[in-house]
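Engineer: File name run.csv; file contents CSV, C-alpha atoms; full text below.
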chain,number,residue,atom,x,y,z
A,19,MET,CA,78.4,106.3,105.1
A,20,HIS,CA,75.5,104.5,106.7
A,21,ALA,CA,73.8,106.4,109.6
A,22,LEU,CA,71.5,105.6,112.4
A,23,ILE,CA,69.4,108.4,114.1
A,24,VAL,CA,68.5,107.9,117.8
A,25,ASP,CA,66.0,110.4,119.2
A,26,ASP,CA,62.8,110.0,121.2
A,27,GLU,CA,60.9,112.7,119.2
A,28,GLU,CA,59.6,111.5,115.8
A,29,PRO,CA,59.6,115.1,114.3
A,30,ALA,CA,63.3,115.5,115.3
A,31,ARG,CA,64.2,112.2,113.7
A,32,GLU,CA,62.4,113.1,110.5
A,33,ASN,CA,63.8,116.6,110.3
A,34,LEU,CA,67.4,115.3,110.7
A,35,ARG,CA,66.8,112.6,108.1
A,36,LEU,CA,65.5,115.1,105.6
A,37,MET,CA,68.4,117.5,106.3
A,38,LEU,CA,70.9,114.7,105.7
A,39,GLU,CA,69.2,113.7,102.5
A,40,ASP,CA,69.2,117.2,101.2
A,41,LEU,CA,72.6,118.5,102.4
A,42,CYS,CA,74.8,115.4,102.8
A,43,PRO,CA,74.4,113.0,99.9
A,44,GLU,CA,77.3,110.9,101.1
A,45,VAL,CA,75.2,109.8,104.1
A,46,THR,CA,72.5,107.2,103.8
A,47,VAL,CA,70.1,106.9,106.8
A,48,VAL,CA,69.7,103.2,107.2
A,49,GLY,CA,67.5,103.3,110.3
A,50,VAL,CA,66.1,105.3,113.2
A,51,ALA,CA,65.4,104.4,116.9
A,52,ASP,CA,63.3,106.1,119.5
A,53,GLY,CA,65.4,105.2,122.5
A,54,PRO,CA,68.3,103.1,123.8
A,55,ALA,CA,66.5,99.7,123.7
A,56,GLN,CA,65.6,100.0,120.0
A,57,ALA,CA,69.0,101.6,119.3
A,58,ARG,CA,70.9,98.6,120.6
A,59,GLU,CA,68.9,96.3,118.3
A,60,ARG,CA,69.4,98.6,115.3
A,61,ILE,CA,73.2,98.9,115.9
A,62,ALA,CA,73.6,95.2,116.1
A,63,GLU,CA,71.5,94.7,113.0
A,64,LEU,CA,72.8,97.6,110.8
A,65,ASP,CA,76.4,98.2,112.0
A,66,PRO,CA,76.2,101.9,111.1
A,67,ASP,CA,79.2,104.1,110.3
A,68,LEU,CA,77.6,107.2,112.0
A,69,LEU,CA,75.4,107.4,115.0
A,70,PHE,CA,73.4,110.7,115.5
A,71,LEU,CA,72.5,110.4,119.2
A,72,ASP,CA,70.2,112.6,121.3
A,73,ILE,CA,71.7,112.8,124.8
A,74,ARG,CA,68.6,114.0,126.7
A,75,MET,CA,65.8,111.5,126.1
A,76,PRO,CA,63.1,110.8,128.8
A,77,SER,CA,65.4,109.4,131.5
A,78,GLY,CA,67.9,112.3,131.4
A,79,THR,CA,71.3,110.8,130.3
A,80,GLU,CA,69.8,107.8,128.5
A,81,GLY,CA,71.8,108.5,125.4
A,82,LEU,CA,75.0,108.5,127.4
A,83,ASP,CA,73.9,105.3,129.2
A,84,LEU,CA,73.6,103.6,125.8
A,85,LEU,CA,77.2,104.3,124.9
A,86,ALA,CA,78.4,103.3,128.3
A,87,GLU,CA,76.9,99.8,127.5
A,88,LEU,CA,78.7,99.7,124.1
A,89,PRO,CA,82.4,100.2,124.8
A,90,ASP,CA,83.3,98.5,121.5
A,91,LEU,CA,81.0,100.5,119.3
A,92,ARG,CA,82.4,100.8,115.8
A,93,ALA,CA,80.4,103.8,114.7
A,94,LEU,CA,81.5,107.4,115.0
A,95,VAL,CA,79.1,109.4,117.2
A,96,ILE,CA,77.7,112.8,116.6
A,97,PHE,CA,75.8,114.0,119.7
A,98,VAL,CA,72.6,116.0,119.2
A,99,THR,CA,71.1,118.1,122.0
A,100,ALA,CA,68.9,121.1,122.7
A,101,PHE,CA,70.7,121.8,126.0
A,102,LYS,CA,73.7,124.1,126.3
A,103,ASP,CA,74.9,122.4,129.5
A,104,TYR,CA,78.0,121.0,131.1
A,105,ALA,CA,77.9,118.0,128.8
A,106,LEU,CA,79.0,120.1,125.9
A,107,GLN,CA,82.2,121.0,127.7
A,108,ALA,CA,83.0,117.3,128.0
A,109,PHE,CA,82.5,116.9,124.3
A,110,ARG,CA,84.8,119.9,123.5
A,111,THR,CA,87.4,118.7,125.9
A,112,HIS,CA,87.7,115.3,124.3
A,113,ALA,CA,87.3,116.5,120.7
A,114,VAL,CA,83.9,114.7,120.2
A,115,ASP,CA,81.5,116.1,117.7
A,116,TYR,CA,78.0,117.5,118.7
A,117,LEU,CA,75.2,119.5,117.2
A,118,LEU,CA,72.8,121.9,118.9
A,119,LYS,CA,69.1,121.9,118.2
A,120,PRO,CA,67.7,123.5,116.2
A,121,ILE,CA,70.4,122.1,113.9
A,122,ASP,CA,72.2,124.6,111.7
A,123,PRO,CA,72.6,123.4,108.1
A,124,ASP,CA,76.2,124.6,107.9
A,125,GLU,CA,77.1,123.0,111.2
A,126,LEU,CA,75.6,119.7,110.1
A,127,ARG,CA,77.5,119.8,106.8
A,128,ALA,CA,80.8,120.6,108.7
A,129,ALA,CA,80.2,117.7,111.1
A,130,VAL,CA,79.5,115.2,108.4
A,131,THR,CA,82.6,116.3,106.4
A,132,LYS,CA,84.8,115.9,109.4
A,133,ALA,CA,83.1,112.6,110.2
A,134,ARG,CA,83.8,111.2,106.7
A,135,ALA,CA,87.6,111.8,107.1
A,136,SER,CA,87.5,110.3,110.6
A,137,VAL,CA,85.6,107.2,109.5
A,138,ARG,CA,88.0,106.6,106.7
A,139,GLY,CA,91.0,106.9,109.1
A,140,MET,CA,89.4,104.6,111.6
A,141,ARG,CA,88.8,101.9,108.9
A,142,GLU,CA,92.4,102.1,107.6
A,143,ARG,CA,94.2,102.5,111.0
A,144,PRO,CA,93.1,100.4,113.9
A,145,ALA,CA,95.2,102.5,116.3
A,146,GLU,CA,93.1,105.6,115.3
A,147,ALA,CA,89.9,103.7,116.0
A,148,SER,CA,91.1,102.7,119.4
A,149,ALA,CA,92.2,106.2,120.2
A,150,TYR,CA,88.7,107.5,119.2
A,151,ARG,CA,86.9,104.9,121.4
A,152,GLU,CA,89.1,106.0,124.4
A,153,ARG,CA,88.2,109.7,123.7
A,154,LEU,CA,84.5,108.8,123.4
A,155,GLY,CA,84.6,106.8,126.6
A,156,ALA,CA,86.2,109.7,128.5
A,157,ALA,CA,83.7,112.2,127.1
A,158,VAL,CA,80.8,110.0,128.1
A,159,ARG,CA,82.1,109.7,131.7
A,160,ASP,CA,82.6,113.4,132.0
A,161,ALA,CA,79.3,114.3,130.4
A,162,ALA,CA,77.4,111.9,132.7
A,163,LEU,CA,78.9,113.4,135.9
A,164,PRO,CA,76.9,115.7,138.1
A,165,ALA,CA,77.6,119.3,137.1
A,166,GLY,CA,80.8,120.7,138.5
A,167,ARG,CA,82.7,117.4,138.9
A,168,ILE,CA,85.7,116.3,136.8
A,169,VAL,CA,87.2,112.9,136.0
A,170,ILE,CA,90.8,112.1,135.3
A,171,ASP,CA,92.2,108.7,134.2
A,172,HIS,CA,95.1,106.9,135.8
A,173,ALA,CA,96.8,103.5,135.4
A,174,LYS,CA,94.3,101.6,137.6
A,175,GLY,CA,91.0,103.4,136.6
A,176,PHE,CA,89.9,107.0,137.1
A,177,LYS,CA,89.4,109.6,139.8
A,178,LEU,CA,86.3,111.8,140.4
A,179,PHE,CA,86.8,115.1,142.2
A,180,ASP,CA,85.4,118.5,142.9
A,181,PRO,CA,87.5,121.0,140.9
A,182,ARG,CA,87.6,123.4,143.9
A,183,SER,CA,89.8,120.9,145.6
A,184,ILE,CA,92.6,121.8,143.1
A,185,ALA,CA,94.9,124.4,144.6
A,186,HIS,CA,97.2,124.8,141.6
A,187,LEU,CA,97.6,123.5,138.0
A,188,GLU,CA,101.0,123.3,136.3
A,189,ALA,CA,101.9,122.5,132.7
A,190,GLU,CA,104.3,119.6,132.1
A,191,GLY,CA,104.9,119.5,128.4
A,192,ASN,CA,101.6,118.6,126.8
A,193,CYS,CA,100.2,117.3,130.1
A,194,THR,CA,99.0,119.0,133.3
A,195,ARG,CA,100.1,118.4,136.9
A,196,LEU,CA,97.2,118.9,139.3
A,197,HIS,CA,98.1,119.9,142.9
A,198,PHE,CA,95.3,119.2,145.3
A,199,SER,CA,94.6,120.9,148.6
A,200,ASP,CA,95.3,117.7,150.5
A,201,GLY,CA,98.8,117.5,149.1
A,202,THR,CA,98.2,114.8,146.5
A,203,ARG,CA,99.2,115.3,142.9
A,204,TYR,CA,98.0,113.8,139.6
A,205,LEU,CA,99.4,114.1,136.1
A,206,ASP,CA,96.7,114.3,133.4
A,207,THR,CA,97.2,114.1,129.6
A,208,ARG,CA,94.9,117.1,129.0
A,209,THR,CA,96.7,120.4,128.4
A,210,LEU,CA,96.6,123.4,130.6
A,211,ARG,CA,94.6,125.2,127.9
A,212,VAL,CA,91.9,122.5,128.1
A,213,TYR,CA,91.7,123.0,131.9
A,214,GLU,CA,91.6,126.8,131.5
A,215,GLU,CA,88.4,126.3,129.4
A,216,LEU,CA,87.0,123.6,131.7
A,217,LEU,CA,87.4,125.3,135.1
A,218,ASP,CA,85.2,128.1,136.5
A,219,PRO,CA,86.9,131.4,135.5
A,220,ALA,CA,85.4,133.0,138.6
A,221,VAL,CA,87.6,130.8,140.8
A,222,PHE,CA,90.6,129.8,138.6
A,223,LEU,CA,93.0,132.3,137.0
A,224,ARG,CA,95.8,131.7,134.6
A,225,VAL,CA,98.7,133.7,136.1
A,226,HIS,CA,101.5,132.4,133.9
A,227,ARG,CA,102.0,130.4,130.7
A,228,SER,CA,102.6,127.3,132.8
A,229,HIS,CA,100.4,128.0,135.8
A,230,ILE,CA,96.7,128.3,136.9
A,231,VAL,CA,95.8,129.1,140.5
A,232,ASN,CA,92.7,128.6,142.5
A,233,LEU,CA,92.1,132.0,144.0
A,234,GLU,CA,90.3,130.4,147.0
A,235,HIS,CA,93.6,128.9,148.0
A,236,LEU,CA,95.5,132.2,147.7
A,237,ARG,CA,97.2,133.3,151.0
A,238,GLU,CA,99.5,136.1,149.9
A,239,TYR,CA,100.9,138.2,147.0
A,240,LEU,CA,104.6,138.9,147.0
A,241,ARG,CA,106.9,141.2,145.0
A,242,ASP,CA,110.2,139.5,145.7
A,243,ASP,CA,112.6,139.3,142.7
A,244,GLY,CA,109.5,138.8,140.6
A,245,HIS,CA,105.7,138.4,141.3
A,246,TRP,CA,104.4,135.5,143.3
A,247,ALA,CA,101.1,134.0,144.3
A,248,VAL,CA,101.6,132.3,147.7
A,249,LEU,CA,99.1,129.5,148.4
A,250,HIS,CA,97.8,128.2,151.8
A,251,ASP,CA,100.4,125.4,151.8
A,252,GLY,CA,103.2,127.9,151.3
A,253,ARG,CA,103.9,127.1,147.7
A,254,ARG,CA,105.0,130.0,145.5
A,255,VAL,CA,103.5,130.2,142.0
A,256,PRO,CA,105.1,132.7,139.6
A,257,ILE,CA,102.9,135.4,138.1
A,258,ALA,CA,104.0,136.6,134.6
A,259,ARG,CA,104.6,140.3,134.4
A,260,GLU,CA,101.9,140.8,131.7
A,261,ARG,CA,99.3,139.1,134.0
A,262,VAL,CA,100.0,141.0,137.2
A,263,ASN,CA,97.4,143.7,136.7
A,264,GLU,CA,94.6,141.2,135.9
A,265,PHE,CA,95.7,139.2,139.0
A,266,LEU,CA,95.6,142.2,141.3
A,267,GLU,CA,92.2,143.4,139.9
A,268,ARG,CA,90.7,139.9,140.4
A,269,VAL,CA,92.0,139.6,144.0
A,270,ARG,CA,90.9,143.1,145.0
Let me see the file written as structure tokens.

Structural biologist:
Amino acid sequence: MHALIVDDEEPARENLRLMLEDLCPEVTVVGVADGPAQARERIAELDPDLLFLDIRMPSGTEGLDLLAELPDLRALVIFVTAFKDYALQAFRTHAVDYLLKPIDPDELRAAVTKARASVRGMRERPAEASAYRERLGAAVRDAALPAGRIVIDHAKGFKLFDPRSIAHLEAEGNCTRLHFSDGTRYLDTRTLRVYEELLDPAVFLRVHRSHIVNLEHLREYLRDDGHWAVLHDGRRVPIARERVNEFLERVR
């Protein structure tokens, strides 16, 4: 696999190049770039299979800006960052690979091994390549948002929102129905488990296998042929028996 390294710090570029040379003989570093402008030229010239991309160069989200300008990028991207910030949650949510600086040799090796299988699949199956580009695009949009905001896709584009405007989340198969405080609803293809990891645990609580509630929208707790969380709009959300104690402790 041919790789391009994009990082504004020369020592970081050289360190990663040497690590790849030593640990990942299946990767050949065909070029490096010190920023998005140079990276665009190198990508057009070299058509790499892998792109190791620093996401926090001088202008903040410049690495993400680069990808936003290249929606048809053929390369598989492995993000590299020194910051354990909200962007990492976006990468995890959309199953996009990343490495934290200082780079751990075992994590680098694991990322390259996974990338090799993915690159092979993308070459052989166009649908897999298209699905990856969609995941990458969604990850870039999420990671570039101001901290605390979420994006969901819909048929005509996408919606940005403050997660605290969600009153209740409900599993529908492998998707999630989001119920907002203004009465609107959206169906998202992310699972309830993904939202459980994405949302602030100080505000949102999973009360049932199929339900997460925003405790700021809680109006009442009822024991009435079961256990129920009653929200401000009057909606009753079931609380599983094994989650009642945790719910009561959190509310109190």

Engineer: Work out how far CA of Ala133 (chain A) is from CA of Arg58 (chain A), in Å to one decimal.

Structural biologist: 21.3 Å

Engineer: Tell me which protein, DNA and RNA residues are within 7 Å of Pro256 (chain A), counting all atoms listed in the file, leaving out same-chain ones fewer than 2 positions away, and put them as a list in words.

Structural biologist: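 My list of contacting residues is His226, His245, Trp246, Ala247, Arg254 and Ala258 of chain A.
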
Engineer: Put those residues in a file: C-alpha atoms, as a PDB file, in the frame of the given file.

Structural biologist:
ATOM      1  CA  HIS A 226     101.500 132.400 133.900  1.00  0.00           C
ATOM      2  CA  HIS A 245     105.700 138.400 141.300  1.00  0.00           C
ATOM      3  CA  TRP A 246     104.400 135.500 143.300  1.00  0.00           C
ATOM      4  CA  ALA A 247     101.100 134.000 144.300  1.00  0.00           C
ATOM      5  CA  ARG A 254     105.000 130.000 145.500  1.00  0.00           C
ATOM      6  CA  ALA A 258     104.000 136.600 134.600  1.00  0.00           C
TER       7      ALA A 258
END

Engineer: Might you pull out every residue within 9 Å of Arg31 (chain A), with all atoms listed in the file counted and same-chain residues fewer than 5 positions away left off, and present them as a list of chain:residue names?

Structural biologist: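 Non-adjacent residues within range: A:Ile23, A:Val24, A:Asp25, A:Asp26, A:Leu36, A:Val50, A:Ala51, A:Asp52.
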
Engineer: If we draw a sphere of 10 Å around (75.7, 105.7, 108.2), which residues have at least one atom in it when counting only C-alpha atoms? Please report them as a list in words.

Structural biologist: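 Neighbouring residues, ordered by chain and number, come to Met19, His20, Ala21, Leu22, Ile23, Glu44, Val45, Thr46, Val47, Val48, Gly49, Leu64, Asp65, Pro66, Asp67, Leu68, Leu69, Phe70, Ala93, Leu94 and Arg134 of chain A.
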
Engineer: Any chance you could export the current selection's C-alpha atoms as a PDB file, in the frame of the given file?

Structural biologist:
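Result written to part_11.pdb:
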ATOM      1  CA  MET A  19      78.400 106.300 105.100  1.00  0.00           C
ATOM      2  CA  HIS A  20      75.500 104.500 106.700  1.00  0.00           C
ATOM      3  CA  ALA A  21      73.800 106.400 109.600  1.00  0.00           C
ATOM      4  CA  LEU A  22      71.500 105.600 112.400  1.00  0.00           C
ATOM      5  CA  ILE A  23      69.400 108.400 114.100  1.00  0.00           C
ATOM      6  CA  GLU A  44      77.300 110.900 101.100  1.00  0.00           C
ATOM      7  CA  VAL A  45      75.200 109.800 104.100  1.00  0.00           C
ATOM      8  CA  THR A  46      72.500 107.200 103.800  1.00  0.00           C
ATOM      9  CA  VAL A  47      70.100 106.900 106.800  1.00  0.00           C
ATOM     10  CA  VAL A  48      69.700 103.200 107.200  1.00  0.00           C
ATOM     11  CA  GLY A  49      67.500 103.300 110.300  1.00  0.00           C
ATOM     12  CA  LEU A  64      72.800  97.600 110.800  1.00  0.00           C
ATOM     13  CA  ASP A  65      76.400  98.200 112.000  1.00  0.00           C
ATOM     14  CA  PRO A  66      76.200 101.900 111.100  1.00  0.00           C
ATOM     15  CA  ASP A  67      79.200 104.100 110.300  1.00  0.00           C
ATOM     16  CA  LEU A  68      77.600 107.200 112.000  1.00  0.00           C
ATOM     17  CA  LEU A  69      75.400 107.400 115.000  1.00  0.00           C
ATOM     18  CA  PHE A  70      73.400 110.700 115.500  1.00  0.00           C
ATOM     19  CA  ALA A  93      80.400 103.800 114.700  1.00  0.00           C
ATOM     20  CA  LEU A  94      81.500 107.400 115.000  1.00  0.00           C
ATOM     21  CA  ARG A 134      83.800 111.200 106.700  1.00  0.00           C
TER      22      ARG A 134
END

Engineer: Contacts of Asp206 (chain A) at 12 Å or less, counting all atoms listed in the file, minus same-chain residues fewer than 2 places along, as a CSV table (one decimal) with C-alpha atoms, keeping the file's coordinate frame?

Structural biologist:
chain,number,residue,atom,x,y,z
A,168,ILE,CA,85.7,116.3,136.8
A,169,VAL,CA,87.2,112.9,136.0
A,170,ILE,CA,90.8,112.1,135.3
A,171,ASP,CA,92.2,108.7,134.2
A,172,HIS,CA,95.1,106.9,135.8
A,173,ALA,CA,96.8,103.5,135.4
A,176,PHE,CA,89.9,107.0,137.1
A,177,LYS,CA,89.4,109.6,139.8
A,187,LEU,CA,97.6,123.5,138.0
A,188,GLU,CA,101.0,123.3,136.3
A,189,ALA,CA,101.9,122.5,132.7
A,190,GLU,CA,104.3,119.6,132.1
A,191,GLY,CA,104.9,119.5,128.4
A,192,ASN,CA,101.6,118.6,126.8
A,193,CYS,CA,100.2,117.3,130.1
A,194,THR,CA,99.0,119.0,133.3
A,195,ARG,CA,100.1,118.4,136.9
A,196,LEU,CA,97.2,118.9,139.3
A,197,HIS,CA,98.1,119.9,142.9
A,203,ARG,CA,99.2,115.3,142.9
A,204,TYR,CA,98.0,113.8,139.6
A,208,ARG,CA,94.9,117.1,129.0
A,209,THR,CA,96.7,120.4,128.4
A,210,LEU,CA,96.6,123.4,130.6
A,212,VAL,CA,91.9,122.5,128.1
A,213,TYR,CA,91.7,123.0,131.9

Engineer: With only C-alpha atoms as the atoms that count, which of A:Leu106, A:Leu217, A:Leu223, A:Val231 lies nearest to Asp180 (chain A)?

Structural biologist: A:Leu217

Engineer: CA of Ala157 (chain A) to CA of Thr111 (chain A): how many Å, to one decimal?

Structural biologist: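 Computed distance, CA of Ala157 (chain A) to CA of Thr111 (chain A), equals 7.6 Å.
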
Engineer: Report, in Å to a single decimal, how far apart CA of Val255 (chain A) and CA of Leu216 (chain A) are.

Structural biologist: 20.5 Å

Engineer: Pick from A:Arg35, A:Arg151, A:Arg143, A:Lys132: nearest to Asp90 (chain A), with all atoms listed in the file counted?

Structural biologist: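 Going through A:Arg35, A:Arg151, A:Arg143, A:Lys132 one by one, the smallest distance to Asp90 (chain A) is for A:Arg151.
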
Engineer: Choose the residue, out of A:His186, A:Arg92, A:Arg159, A:Arg141, that has the smallest atom-to-atom separation from Ser228 (chain A); count only C-alpha atoms.

Structural biologist: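 For Ser228 (chain A), the nearest of the candidates is A:His186.
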
Engineer: Taking all atoms listed in the file into account, which of A:Leu178, A:Ala220, A:Ile184, A:Ala145 comes nearest His235 (chain A)?

Structural biologist: A:Ile184

Engineer: Which residues come within 10 Å of Asn33 (chain A), counting only C-alpha atoms, excluding same-chain residues fewer than 6 positions away, as a PyMOL selection string?

Structural biologist: chain A and resi 39+120-121

Engineer: Kindly export the residues of the current selection with C-alpha atoms, as a CSV table (one decimal), in the frame of the given file.

Structural biologist:
chain,number,residue,atom,x,y,z
A,39,GLU,CA,69.2,113.7,102.5
A,120,PRO,CA,67.7,123.5,116.2
A,121,ILE,CA,70.4,122.1,113.9

Engineer: Please provide the set of residues having any atom within 9 Å of Leu233 (chain A), restricted to all atoms listed in the file, with same-chain residues fewer than 4 positions apart removed, written as a PDB file with C-alpha atoms, keeping the file's coordinate frame.

Structural biologist:
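Contents of selection.pdb, freshly written:
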ATOM      1  CA  ALA A 185      94.900 124.400 144.600  1.00  0.00           C
ATOM      2  CA  ALA A 220      85.400 133.000 138.600  1.00  0.00           C
ATOM      3  CA  VAL A 221      87.600 130.800 140.800  1.00  0.00           C
ATOM      4  CA  PHE A 222      90.600 129.800 138.600  1.00  0.00           C
ATOM      5  CA  LEU A 223      93.000 132.300 137.000  1.00  0.00           C
ATOM      6  CA  ARG A 237      97.200 133.300 151.000  1.00  0.00           C
ATOM      7  CA  LEU A 249      99.100 129.500 148.400  1.00  0.00           C
ATOM      8  CA  ARG A 268      90.700 139.900 140.400  1.00  0.00           C
ATOM      9  CA  VAL A 269      92.000 139.600 144.000  1.00  0.00           C
TER      10      VAL A 269
END

Engineer: Would you please work out which residue, of A:Ala108, A:Met37, A:Asn263, A:Leu240, is nearest to Val130 (chain A) when using all atoms listed in the file?

Structural biologist: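 The closest residue to Val130 (chain A) is A:Met37.
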
Engineer: Given the choices A:Ala30, A:Leu82, A:Val248, A:Ala57, which gets closest to Lys119 (chain A) if the distance is worked out from all atoms listed in the file?

Structural biologist: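 Closest to Lys119 (chain A), using all atoms listed in the file: A:Ala30.
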
Engineer: Complete the atom set of region 29-53 of chain A to N, CA and C atoms and return it as a PDB file, in the frame of the given file.

Structural biologist:
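Writing the result to result-v7.pdb gives the following:
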ATOM      1  N   PRO A  29      59.329 113.938 115.153  1.00  0.00           N
ATOM      2  CA  PRO A  29      59.600 115.100 114.300  1.00  0.00           C
ATOM      3  C   PRO A  29      61.104 115.399 114.185  1.00  0.00           C
ATOM      4  N   ALA A  30      61.823 115.254 115.301  1.00  0.00           N
ATOM      5  CA  ALA A  30      63.300 115.500 115.300  1.00  0.00           C
ATOM      6  C   ALA A  30      63.995 114.501 114.434  1.00  0.00           C
ATOM      7  N   ARG A  31      63.595 113.231 114.530  1.00  0.00           N
ATOM      8  CA  ARG A  31      64.200 112.200 113.700  1.00  0.00           C
ATOM      9  C   ARG A  31      63.995 112.482 112.219  1.00  0.00           C
ATOM     10  N   GLU A  32      62.768 112.831 111.879  1.00  0.00           N
ATOM     11  CA  GLU A  32      62.400 113.100 110.500  1.00  0.00           C
ATOM     12  C   GLU A  32      63.116 114.328 109.947  1.00  0.00           C
ATOM     13  N   ASN A  33      63.191 115.354 110.777  1.00  0.00           N
ATOM     14  CA  ASN A  33      63.800 116.600 110.300  1.00  0.00           C
ATOM     15  C   ASN A  33      65.318 116.338 110.028  1.00  0.00           C
ATOM     16  N   LEU A  34      66.010 115.603 110.908  1.00  0.00           N
ATOM     17  CA  LEU A  34      67.400 115.300 110.700  1.00  0.00           C
ATOM     18  C   LEU A  34      67.580 114.418 109.449  1.00  0.00           C
ATOM     19  N   ARG A  35      66.703 113.463 109.281  1.00  0.00           N
ATOM     20  CA  ARG A  35      66.800 112.600 108.100  1.00  0.00           C
ATOM     21  C   ARG A  35      66.678 113.383 106.814  1.00  0.00           C
ATOM     22  N   LEU A  36      65.715 114.310 106.779  1.00  0.00           N
ATOM     23  CA  LEU A  36      65.500 115.100 105.600  1.00  0.00           C
ATOM     24  C   LEU A  36      66.711 116.062 105.342  1.00  0.00           C
ATOM     25  N   MET A  37      67.261 116.623 106.410  1.00  0.00           N
ATOM     26  CA  MET A  37      68.400 117.500 106.300  1.00  0.00           C
ATOM     27  C   MET A  37      69.619 116.730 105.710  1.00  0.00           C
ATOM     28  N   LEU A  38      69.827 115.527 106.207  1.00  0.00           N
ATOM     29  CA  LEU A  38      70.900 114.700 105.700  1.00  0.00           C
ATOM     30  C   LEU A  38      70.711 114.350 104.236  1.00  0.00           C
ATOM     31  N   GLU A  39      69.488 114.017 103.889  1.00  0.00           N
ATOM     32  CA  GLU A  39      69.200 113.700 102.500  1.00  0.00           C
ATOM     33  C   GLU A  39      69.405 114.848 101.572  1.00  0.00           C
ATOM     34  N   ASP A  40      69.088 116.053 102.055  1.00  0.00           N
ATOM     35  CA  ASP A  40      69.200 117.200 101.200  1.00  0.00           C
ATOM     36  C   ASP A  40      70.628 117.798 101.177  1.00  0.00           C
ATOM     37  N   LEU A  41      71.321 117.766 102.311  1.00  0.00           N
ATOM     38  CA  LEU A  41      72.600 118.500 102.400  1.00  0.00           C
ATOM     39  C   LEU A  41      73.829 117.532 102.358  1.00  0.00           C
ATOM     40  N   CYS A  42      73.634 116.261 102.681  1.00  0.00           N
ATOM     41  CA  CYS A  42      74.800 115.400 102.800  1.00  0.00           C
ATOM     42  C   CYS A  42      74.530 114.069 102.012  1.00  0.00           C
ATOM     43  N   PRO A  43      74.672 114.125 100.697  1.00  0.00           N
ATOM     44  CA  PRO A  43      74.400 113.000  99.900  1.00  0.00           C
ATOM     45  C   PRO A  43      75.308 111.772 100.138  1.00  0.00           C
ATOM     46  N   GLU A  44      76.440 112.019 100.795  1.00  0.00           N
ATOM     47  CA  GLU A  44      77.300 110.900 101.100  1.00  0.00           C
ATOM     48  C   GLU A  44      76.859 110.082 102.292  1.00  0.00           C
ATOM     49  N   VAL A  45      75.759 110.522 102.939  1.00  0.00           N
ATOM     50  CA  VAL A  45      75.200 109.800 104.100  1.00  0.00           C
ATOM     51  C   VAL A  45      73.867 109.167 103.687  1.00  0.00           C
ATOM     52  N   THR A  46      73.725 107.892 104.002  1.00  0.00           N
ATOM     53  CA  THR A  46      72.500 107.200 103.800  1.00  0.00           C
ATOM     54  C   THR A  46      71.916 106.796 105.179  1.00  0.00           C
ATOM     55  N   VAL A  47      70.734 107.292 105.517  1.00  0.00           N
ATOM     56  CA  VAL A  47      70.100 106.900 106.800  1.00  0.00           C
ATOM     57  C   VAL A  47      69.502 105.538 106.642  1.00  0.00           C
ATOM     58  N   VAL A  48      70.105 104.570 107.311  1.00  0.00           N
ATOM     59  CA  VAL A  48      69.700 103.200 107.200  1.00  0.00           C
ATOM     60  C   VAL A  48      68.662 102.786 108.248  1.00  0.00           C
ATOM     61  N   GLY A  49      68.474 103.657 109.255  1.00  0.00           N
ATOM     62  CA  GLY A  49      67.500 103.300 110.300  1.00  0.00           C
ATOM     63  C   GLY A  49      67.374 104.430 111.313  1.00  0.00           C
ATOM     64  N   VAL A  50      66.314 104.336 112.109  1.00  0.00           N
ATOM     65  CA  VAL A  50      66.100 105.300 113.200  1.00  0.00           C
ATOM     66  C   VAL A  50      65.679 104.465 114.433  1.00  0.00           C
ATOM     67  N   ALA A  51      65.832 105.085 115.605  1.00  0.00           N
ATOM     68  CA  ALA A  51      65.400 104.400 116.900  1.00  0.00           C
ATOM     69  C   ALA A  51      64.894 105.491 117.785  1.00  0.00           C
ATOM     70  N   ASP A  52      63.906 105.096 118.607  1.00  0.00           N
ATOM     71  CA  ASP A  52      63.300 106.100 119.500  1.00  0.00           C
ATOM     72  C   ASP A  52      63.799 106.011 120.915  1.00  0.00           C
ATOM     73  N   GLY A  53      64.844 105.233 121.153  1.00  0.00           N
ATOM     74  CA  GLY A  53      65.400 105.200 122.500  1.00  0.00           C
ATOM     75  C   GLY A  53      66.532 104.125 122.522  1.00  0.00           C
TER      76      GLY A  53
END
